[in-house]
Each structure stands twice: as structure tokens, then as C-alpha cells.
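K.L.:
Take a look at target_8.pdb, PDB, C-alpha atoms, pLDDT in the B column:
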ATOM      1  CA  MET A 156      50.684 -24.586  37.056  1.00 51.00           C
ATOM      2  CA  LYS A 157      47.142 -25.335  35.830  1.00 54.00           C
ATOM      3  CA  THR A 158      45.503 -23.751  38.887  1.00 59.00           C
ATOM      4  CA  PRO A 159      46.831 -20.150  38.489  1.00 65.00           C
ATOM      5  CA  PHE A 160      45.845 -20.139  34.815  1.00 65.00           C
ATOM      6  CA  PHE A 161      42.277 -21.154  35.725  1.00 64.00           C
ATOM      7  CA  LEU A 162      42.086 -18.503  38.468  1.00 68.00           C
ATOM      8  CA  LEU A 163      42.668 -15.771  35.892  1.00 66.00           C
ATOM      9  CA  PHE A 164      39.370 -16.629  34.169  1.00 66.00           C
ATOM     10  CA  ILE A 165      37.212 -16.465  37.312  1.00 68.00           C
ATOM     11  CA  PRO A 166      37.412 -12.616  37.675  1.00 66.00           C
ATOM     12  CA  VAL A 167      36.925 -12.176  33.926  1.00 65.00           C
ATOM     13  CA  PHE A 168      33.810 -14.348  34.103  1.00 63.00           C
ATOM     14  CA  PHE A 169      32.252 -12.275  36.919  1.00 66.00           C
ATOM     15  CA  ILE A 170      33.194  -8.930  35.393  1.00 66.00           C
ATOM     16  CA  SER A 171      31.702  -9.828  32.016  1.00 64.00           C
ATOM     17  CA  CYS A 172      28.292 -10.553  33.548  1.00 60.00           C
ATOM     18  CA  SER A 173      27.352  -7.084  34.753  1.00 60.00           C
ATOM     19  CA  PRO A 174      23.787  -5.927  35.505  1.00 63.00           C
ATOM     20  CA  ASP A 175      24.338  -2.863  33.262  1.00 64.00           C
ATOM     21  CA  TYR A 176      23.023  -4.624  30.170  1.00 62.00           C
ATOM     22  CA  SER A 177      21.322  -2.377  27.630  1.00 68.00           C
ATOM     23  CA  PRO A 178      19.325  -3.931  24.782  1.00 68.00           C
ATOM     24  CA  LYS A 179      20.278  -3.154  21.220  1.00 65.00           C
ATOM     25  CA  PRO A 180      17.672  -1.574  18.926  1.00 66.00           C
ATOM     26  CA  SER A 181      15.874  -3.840  16.466  1.00 66.00           C
ATOM     27  CA  GLY A 182      17.164  -3.850  12.931  1.00 63.00           C
ATOM     28  CA  HIS A 183      15.160  -4.025   9.747  1.00 58.00           C
ATOM     29  CA  PHE A 184      15.814  -6.005   6.614  1.00 63.00           C
ATOM     30  CA  HIS A 185      17.247  -4.208   3.633  1.00 69.00           C
ATOM     31  CA  ILE A 186      14.692  -4.306   0.840  1.00 77.00           C
ATOM     32  CA  GLU A 187      15.813  -4.235  -2.778  1.00 81.00           C
ATOM     33  CA  LEU A 188      13.348  -2.125  -4.742  1.00 88.00           C
ATOM     34  CA  ALA A 189      13.205  -2.611  -8.498  1.00 88.00           C
ATOM     35  CA  GLU A 190      13.605   0.300 -10.862  1.00 93.00           C
ATOM     36  CA  HIS A 191      10.284   1.890 -11.843  1.00 93.00           C
ATOM     37  CA  ASN A 192       9.224   0.466 -15.230  1.00 95.00           C
ATOM     38  CA  TYR A 193       5.650   0.303 -16.454  1.00 96.00           C
ATOM     39  CA  LYS A 194       3.460  -1.452 -18.970  1.00 95.00           C
ATOM     40  CA  SER A 195      -0.060  -0.699 -20.105  1.00 94.00           C
ATOM     41  CA  MET A 196      -2.859  -2.716 -18.540  1.00 89.00           C
ATOM     42  CA  VAL A 197      -5.510  -2.983 -21.234  1.00 81.00           C
ATOM     43  CA  ASN A 198      -7.256  -6.180 -20.092  1.00 83.00           C
ATOM     44  CA  TYR A 199     -10.546  -4.443 -19.364  1.00 87.00           C
ATOM     45  CA  PRO A 200     -13.093  -2.889 -21.740  1.00 89.00           C
ATOM     46  CA  GLU A 201     -14.012  -0.044 -19.346  1.00 90.00           C
ATOM     47  CA  PHE A 202     -10.600   1.460 -18.525  1.00 93.00           C
ATOM     48  CA  GLU A 203      -6.841   1.212 -18.936  1.00 94.00           C
ATOM     49  CA  PHE A 204      -3.804   2.438 -17.011  1.00 96.00           C
ATOM     50  CA  ASN A 205      -0.110   1.745 -16.555  1.00 96.00           C
ATOM     51  CA  ILE A 206       1.108  -0.729 -13.948  1.00 96.00           C
ATOM     52  CA  PRO A 207       4.610  -1.645 -12.760  1.00 95.00           C
ATOM     53  CA  ILE A 208       6.109  -4.535 -14.729  1.00 94.00           C
ATOM     54  CA  GLN A 209       6.814  -6.555 -11.559  1.00 93.00           C
ATOM     55  CA  VAL A 210       3.160  -6.454 -10.479  1.00 95.00           C
ATOM     56  CA  GLU A 211       0.942  -9.504 -10.947  1.00 94.00           C
ATOM     57  CA  VAL A 212      -2.742  -8.947 -11.737  1.00 93.00           C
ATOM     58  CA  MET A 213      -4.907 -11.322  -9.712  1.00 93.00           C
ATOM     59  CA  GLU A 214      -8.556 -11.532 -10.749  1.00 90.00           C
ATOM     60  CA  ILE A 215     -11.197 -11.918  -8.023  1.00 88.00           C
ATOM     61  CA  PRO A 216     -13.913 -14.087  -9.601  1.00 80.00           C
ATOM     62  CA  GLY A 217     -17.419 -14.684  -8.362  1.00 69.00           C
ATOM     63  CA  ILE A 218     -18.349 -11.173  -7.263  1.00 69.00           C
ATOM     64  CA  ASP A 219     -21.553 -10.108  -9.005  1.00 63.00           C
ATOM     65  CA  LYS A 220     -21.127  -6.389  -8.288  1.00 68.00           C
ATOM     66  CA  GLY A 221     -18.609  -4.661 -10.538  1.00 70.00           C
ATOM     67  CA  ARG A 222     -15.125  -5.846 -11.462  1.00 84.00           C
ATOM     68  CA  TRP A 223     -12.565  -6.781  -8.782  1.00 89.00           C
ATOM     69  CA  PHE A 224      -8.842  -7.519  -9.049  1.00 94.00           C
ATOM     70  CA  ASN A 225      -5.632  -7.040  -7.072  1.00 94.00           C
ATOM     71  CA  LEU A 226      -2.286  -5.661  -8.172  1.00 96.00           C
ATOM     72  CA  VAL A 227       0.130  -7.868  -6.235  1.00 96.00           C
ATOM     73  CA  TYR A 228       3.765  -7.070  -5.394  1.00 94.00           C
ATOM     74  CA  PRO A 229       4.836 -10.612  -4.406  1.00 90.00           C
ATOM     75  CA  GLN A 230       8.362  -9.733  -3.267  1.00 88.00           C
ATOM     76  CA  LEU A 231       7.130  -6.824  -1.088  1.00 88.00           C
ATOM     77  CA  LYS A 232       4.093  -8.644   0.392  1.00 87.00           C
ATOM     78  CA  VAL A 233       1.869  -5.751  -0.633  1.00 92.00           C
ATOM     79  CA  GLN A 234      -1.168  -5.483  -2.874  1.00 95.00           C
ATOM     80  CA  ILE A 235      -3.466  -2.829  -4.234  1.00 96.00           C
ATOM     81  CA  TYR A 236      -7.088  -3.949  -4.042  1.00 94.00           C
ATOM     82  CA  CYS A 237      -8.949  -2.555  -7.060  1.00 93.00           C
ATOM     83  CA  SER A 238     -12.648  -2.435  -7.853  1.00 89.00           C
ATOM     84  CA  TYR A 239     -14.657  -0.909 -10.676  1.00 89.00           C
ATOM     85  CA  PHE A 240     -18.363  -0.139 -10.719  1.00 84.00           C
ATOM     86  CA  SER A 241     -20.617   1.330 -13.348  1.00 82.00           C
ATOM     87  CA  ASN A 242     -23.979   2.979 -12.848  1.00 71.00           C
ATOM     88  CA  THR A 243     -25.805  -0.174 -13.864  1.00 55.00           C
ATOM     89  CA  LYS A 244     -25.465  -1.754 -10.392  1.00 53.00           C
ATOM     90  CA  THR A 245     -25.228   1.178  -7.965  1.00 61.00           C
ATOM     91  CA  THR A 246     -25.260   4.936  -8.018  1.00 71.00           C
ATOM     92  CA  LEU A 247     -22.082   6.967  -8.031  1.00 67.00           C
ATOM     93  CA  GLU A 248     -23.068   8.645  -4.752  1.00 72.00           C
ATOM     94  CA  GLN A 249     -23.379   5.256  -3.014  1.00 74.00           C
ATOM     95  CA  GLU A 250     -19.895   4.218  -4.109  1.00 74.00           C
ATOM     96  CA  LEU A 251     -18.381   7.543  -3.048  1.00 74.00           C
ATOM     97  CA  GLU A 252     -20.038   7.270   0.357  1.00 75.00           C
ATOM     98  CA  GLU A 253     -18.849   3.680   0.798  1.00 77.00           C
ATOM     99  CA  SER A 254     -15.286   4.767  -0.001  1.00 74.00           C
ATOM    100  CA  ARG A 255     -15.486   7.572   2.541  1.00 74.00           C
ATOM    101  CA  LYS A 256     -16.632   5.022   5.123  1.00 77.00           C
ATOM    102  CA  PHE A 257     -13.597   2.821   4.389  1.00 73.00           C
ATOM    103  CA  VAL A 258     -11.309   5.795   5.019  1.00 71.00           C
ATOM    104  CA  SER A 259     -13.227   6.981   8.092  1.00 68.00           C
ATOM    105  CA  GLU A 260     -12.843   3.534   9.702  1.00 70.00           C
ATOM    106  CA  HIS A 261      -9.135   4.402  10.057  1.00 64.00           C
ATOM    107  CA  ILE A 262      -9.673   7.775  11.765  1.00 66.00           C
ATOM    108  CA  LEU A 263      -9.183   6.427  15.290  1.00 64.00           C
ATOM    109  CA  LYS A 264      -5.943   4.625  14.411  1.00 69.00           C
ATOM    110  CA  ALA A 265      -4.480   7.151  11.977  1.00 66.00           C
ATOM    111  CA  GLU A 266      -2.121   9.887  13.112  1.00 71.00           C
ATOM    112  CA  SER A 267      -3.251  12.003  10.165  1.00 75.00           C
ATOM    113  CA  ILE A 268      -5.202  11.739   6.927  1.00 75.00           C
ATOM    114  CA  GLN A 269      -4.091  13.781   3.939  1.00 84.00           C
ATOM    115  CA  GLU A 270      -6.568  14.229   1.099  1.00 88.00           C
ATOM    116  CA  GLN A 271      -5.296  15.115  -2.375  1.00 92.00           C
ATOM    117  CA  VAL A 272      -7.566  16.037  -5.301  1.00 92.00           C
ATOM    118  CA  PHE A 273      -6.779  14.793  -8.810  1.00 95.00           C
ATOM    119  CA  GLU A 274      -8.314  16.153 -12.015  1.00 95.00           C
ATOM    120  CA  ASN A 275      -7.703  15.306 -15.658  1.00 95.00           C
ATOM    121  CA  PRO A 276     -10.589  17.014 -17.496  1.00 94.00           C
ATOM    122  CA  GLU A 277      -9.284  16.009 -20.939  1.00 94.00           C
ATOM    123  CA  GLU A 278      -9.795  12.323 -20.076  1.00 93.00           C
ATOM    124  CA  LYS A 279     -12.744  12.988 -17.719  1.00 94.00           C
ATOM    125  CA  VAL A 280     -10.879  11.438 -14.784  1.00 95.00           C
ATOM    126  CA  TYR A 281     -11.485  13.007 -11.369  1.00 94.00           C
ATOM    127  CA  GLY A 282     -10.370  11.595  -8.087  1.00 91.00           C
ATOM    128  CA  LEU A 283      -9.209  11.739  -4.508  1.00 90.00           C
ATOM    129  CA  VAL A 284      -6.147  10.187  -2.913  1.00 92.00           C
ATOM    130  CA  TYR A 285      -6.158   9.547   0.835  1.00 88.00           C
ATOM    131  CA  LYS A 286      -2.769   9.136   2.517  1.00 88.00           C
ATOM    132  CA  LEU A 287      -3.052   7.870   6.072  1.00 81.00           C
ATOM    133  CA  ARG A 288      -0.173   8.055   8.560  1.00 79.00           C
ATOM    134  CA  GLY A 289       0.229   5.641  11.429  1.00 76.00           C
ATOM    135  CA  GLY A 290       0.497   1.901  11.929  1.00 71.00           C
ATOM    136  CA  LEU A 291      -2.242   1.020   9.430  1.00 74.00           C
ATOM    137  CA  VAL A 292      -2.438  -1.909   7.041  1.00 74.00           C
ATOM    138  CA  SER A 293      -3.969   0.401   4.396  1.00 81.00           C
ATOM    139  CA  PRO A 294      -1.962   3.644   4.278  1.00 87.00           C
ATOM    140  CA  VAL A 295      -3.129   4.784   0.808  1.00 89.00           C
ATOM    141  CA  GLN A 296      -6.587   4.686  -0.757  1.00 90.00           C
ATOM    142  CA  PHE A 297      -7.818   6.390  -3.900  1.00 95.00           C
ATOM    143  CA  ILE A 298     -10.945   6.797  -5.972  1.00 91.00           C
ATOM    144  CA  LEU A 299     -11.344   7.788  -9.624  1.00 93.00           C
ATOM    145  CA  THR A 300     -14.552   8.625 -11.435  1.00 91.00           C
ATOM    146  CA  ASP A 301     -15.857  10.177 -14.628  1.00 90.00           C
ATOM    147  CA  SER A 302     -18.368  12.023 -12.351  1.00 84.00           C
ATOM    148  CA  ILE A 303     -21.274  10.487 -14.288  1.00 85.00           C
ATOM    149  CA  SER A 304     -21.440   6.709 -14.124  1.00 84.00           C
ATOM    150  CA  SER A 305     -18.013   5.050 -13.719  1.00 88.00           C
ATOM    151  CA  PHE A 306     -16.179   4.562 -10.451  1.00 89.00           C
ATOM    152  CA  PHE A 307     -12.763   3.000  -9.727  1.00 92.00           C
ATOM    153  CA  ARG A 308     -11.356   2.425  -6.252  1.00 92.00           C
ATOM    154  CA  GLY A 309      -7.883   1.337  -5.148  1.00 94.00           C
ATOM    155  CA  ALA A 310      -6.568   0.583  -1.665  1.00 93.00           C
ATOM    156  CA  LEU A 311      -3.003  -0.337  -0.783  1.00 93.00           C
ATOM    157  CA  TYR A 312      -2.733  -3.122   1.803  1.00 89.00           C
ATOM    158  CA  PHE A 313       0.294  -4.583   3.538  1.00 87.00           C
ATOM    159  CA  ASN A 314       0.013  -8.296   4.339  1.00 83.00           C
ATOM    160  CA  ASP A 315       1.347  -7.710   7.869  1.00 74.00           C
ATOM    161  CA  VAL A 316       0.638  -5.013  10.423  1.00 64.00           C
ATOM    162  CA  PRO A 317       3.253  -2.453   9.412  1.00 64.00           C
ATOM    163  CA  ASN A 318       5.814  -0.627  11.500  1.00 67.00           C
ATOM    164  CA  GLN A 319       5.798   2.907  10.066  1.00 67.00           C
ATOM    165  CA  ASP A 320       9.594   3.198  10.150  1.00 66.00           C
ATOM    166  CA  SER A 321      10.259  -0.116   8.447  1.00 71.00           C
ATOM    167  CA  ILE A 322       7.733   0.355   5.626  1.00 78.00           C
ATOM    168  CA  ALA A 323       8.677   3.957   4.806  1.00 82.00           C
ATOM    169  CA  PRO A 324      10.892   3.087   1.778  1.00 86.00           C
ATOM    170  CA  VAL A 325       8.337   0.601   0.426  1.00 87.00           C
ATOM    171  CA  LEU A 326       5.467   3.040   0.935  1.00 88.00           C
ATOM    172  CA  GLU A 327       7.360   5.823  -0.830  1.00 92.00           C
ATOM    173  CA  TYR A 328       8.182   3.436  -3.688  1.00 93.00           C
ATOM    174  CA  ILE A 329       4.569   2.272  -4.112  1.00 94.00           C
ATOM    175  CA  ASN A 330       3.233   5.830  -3.800  1.00 94.00           C
ATOM    176  CA  GLU A 331       5.166   6.615  -6.993  1.00 96.00           C
ATOM    177  CA  ASP A 332       3.476   3.644  -8.688  1.00 96.00           C
ATOM    178  CA  ILE A 333       0.039   4.756  -7.481  1.00 96.00           C
ATOM    179  CA  GLN A 334       0.718   8.231  -8.857  1.00 96.00           C
ATOM    180  CA  VAL A 335       1.524   6.689 -12.263  1.00 96.00           C
ATOM    181  CA  ILE A 336      -1.641   4.557 -12.109  1.00 96.00           C
ATOM    182  CA  ILE A 337      -3.763   7.634 -11.422  1.00 96.00           C
ATOM    183  CA  GLU A 338      -2.087   9.894 -13.975  1.00 96.00           C
ATOM    184  CA  SER A 339      -2.236   7.256 -16.748  1.00 96.00           C
ATOM    185  CA  PHE A 340      -5.837   6.204 -16.022  1.00 96.00           C
ATOM    186  CA  ARG A 341      -8.172   6.446 -19.049  1.00 95.00           C
ATOM    187  CA  TRP A 342     -11.823   5.532 -19.489  1.00 94.00           C
ATOM    188  CA  LYS A 343     -12.649   3.542 -22.619  1.00 88.00           C
ATOM    189  CA  LYS A 344     -15.967   4.569 -24.142  1.00 73.00           C
TER
END
Reformat the file's structure so that it appears as C-alpha cells.
P.N.:
Amino acid sequence: MKTPFFLLFIPVFFISCSPDYSPKPSGHFHIELAEHNYKSMVNYPEFEFNIPIQVEVMEIPGIDKGRWFNLVYPQLKVQIYCSYFSNTKTTLEQELEESRKFVSEHILKAESIQEQVFENPEEKVYGLVYKLRGGLVSPVQFILTDSISSFFRGALYFNDVPNQDSIAPVLEYINEDIQVIIESFRWKK
């Protein structure tokens, strides 16, 4: 009586192991994105702008050229590297050229580079936003200047090499924050 019962499982065992296996597509984690809320960042005597409330400001000490800090999104493993320079250390043209070089380093890897001009003549804030498509660790970079002596640069960096499909919601979310940073940017003079 035990033998016939066991014989029923032998065909099932061989049928279940077929060579027609097809792999399942990879899944991605669901990321909870906080609601967009902002606070004013007035820590610096040269400029101010609004930042998301969940962002941590991390100072980069020990750099003698300009002012350096990062806007860190700890839960998203993303940060915006920020730097400010005034005409006392370098010329505006040198900083603009250096920023163009940073963007041009991504030309070979980028699928496309979209350049967007920003102007706020009332506050004397002029800038460019570069949006780069492709598997890049820095998909958004921007520069702001008063066109005379002050220069501010921001570059979004993911901590890991991104998969364009998996970072799309995070990138869209942070692009809204970058837009608020740029539109709220004011020089203090």
C-alpha cells in the first residue's frame, strides 16, 4: 500500500523539473517619498534659499576655495553637492568653464543632455540646469550666478550607480526640490 502512493510522486517530480524555465523580471523596492515641505536655509551670509525639511545640511570643512556643503537625503541615499565662489578667489568665467567640463565629462555615457535657462532679473539670479539621461550617478547639475562676481553650483549624486527605471520616481521627486531651490535662491548683499 505504501509503494503505489510513492509511485504517484515520481512522475510529478520529473514533470515539475522541465527545461522550459523562464526567469522572472527583477523587482524594485517601493520607496516612500515624503510630502514636499520646505524651510528657509539662511545659514550663509552670501545667499539663502529654501530646502526640503527632511534634508540634512552637511558642511565640508577645510576647503580654502569658496564654501562647500552637501544637502543630504539620508533615506534616499542621495545628496546635492553645493559650492559657492565669489570673485575674490577665481573669476566667474573660470567657474563657468569648470562647470561645463563637469557636465561634458558625462557626454559619452549620457543618452541625452537637456539644458534649461533660468532667469530672475529682480533678484539678479541667472542660471542653467543640466538634466542628463542615462545610467549616470549625477543626472542633474545646475549653476546660478549674479553674472558679476558670485557663483553657486549644485550637482545631484546618487550613492550607487543608478538604474534609470528604478530611480525615476526619486529623480522626479528631487527635481521638484531642485526647482524650488533655484526659484527661491536669493543673493544677500
K.L.:
Point out the residue among A:Ser321, A:Asn330, A:Asn314, A:Ser305 with the least atom-to-atom distance to A:Gln249, counting only C-alpha atoms.
P.N.:
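Checking each of A:Ser321, A:Asn330, A:Asn314, A:Ser305 against A:Gln249, counting only C-alpha atoms, the winner is A:Ser305.
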K.L.:
Could you tell me which residues the PyMOL selection byres ((chain A and resi 277-288) around 8) grabs in this file, written as a VMD selection string?
P.N.:
chain A and resid 258 265 to 276 289 to 291 293 to 302 340 to 342
K.L.:
Work out how far atom CA of A:Tyr328 is from atom CA of A:Tyr239, in Å to one decimal.
P.N.:
24.3 Å
K.L.:
Which residues, written as a PyMOL selection string, have at least one atom at most 10 Å from A:Val227, with all atoms listed in the file counted and residues fewer than 4 positions away on the same chain left out?
P.N.:
chain A and resi 209-213+231-236+311-312
K.L.:
With distances taken over all atoms listed in the file, which of A:Leu226, A:Phe202, A:Glu331, A:Glu248 is nearest to A:Phe307?
P.N.:
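Among the listed residues, A:Phe202 lies closest to A:Phe307.
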K.L.:
Would you translate the PyMOL selection byres ((chain A and resi 203) around 10) into the concrete set of residues it matches in this file, as an MDAnalysis selection string?
P.N.:
chainID A and resid 195:202 204:206 336 339:343
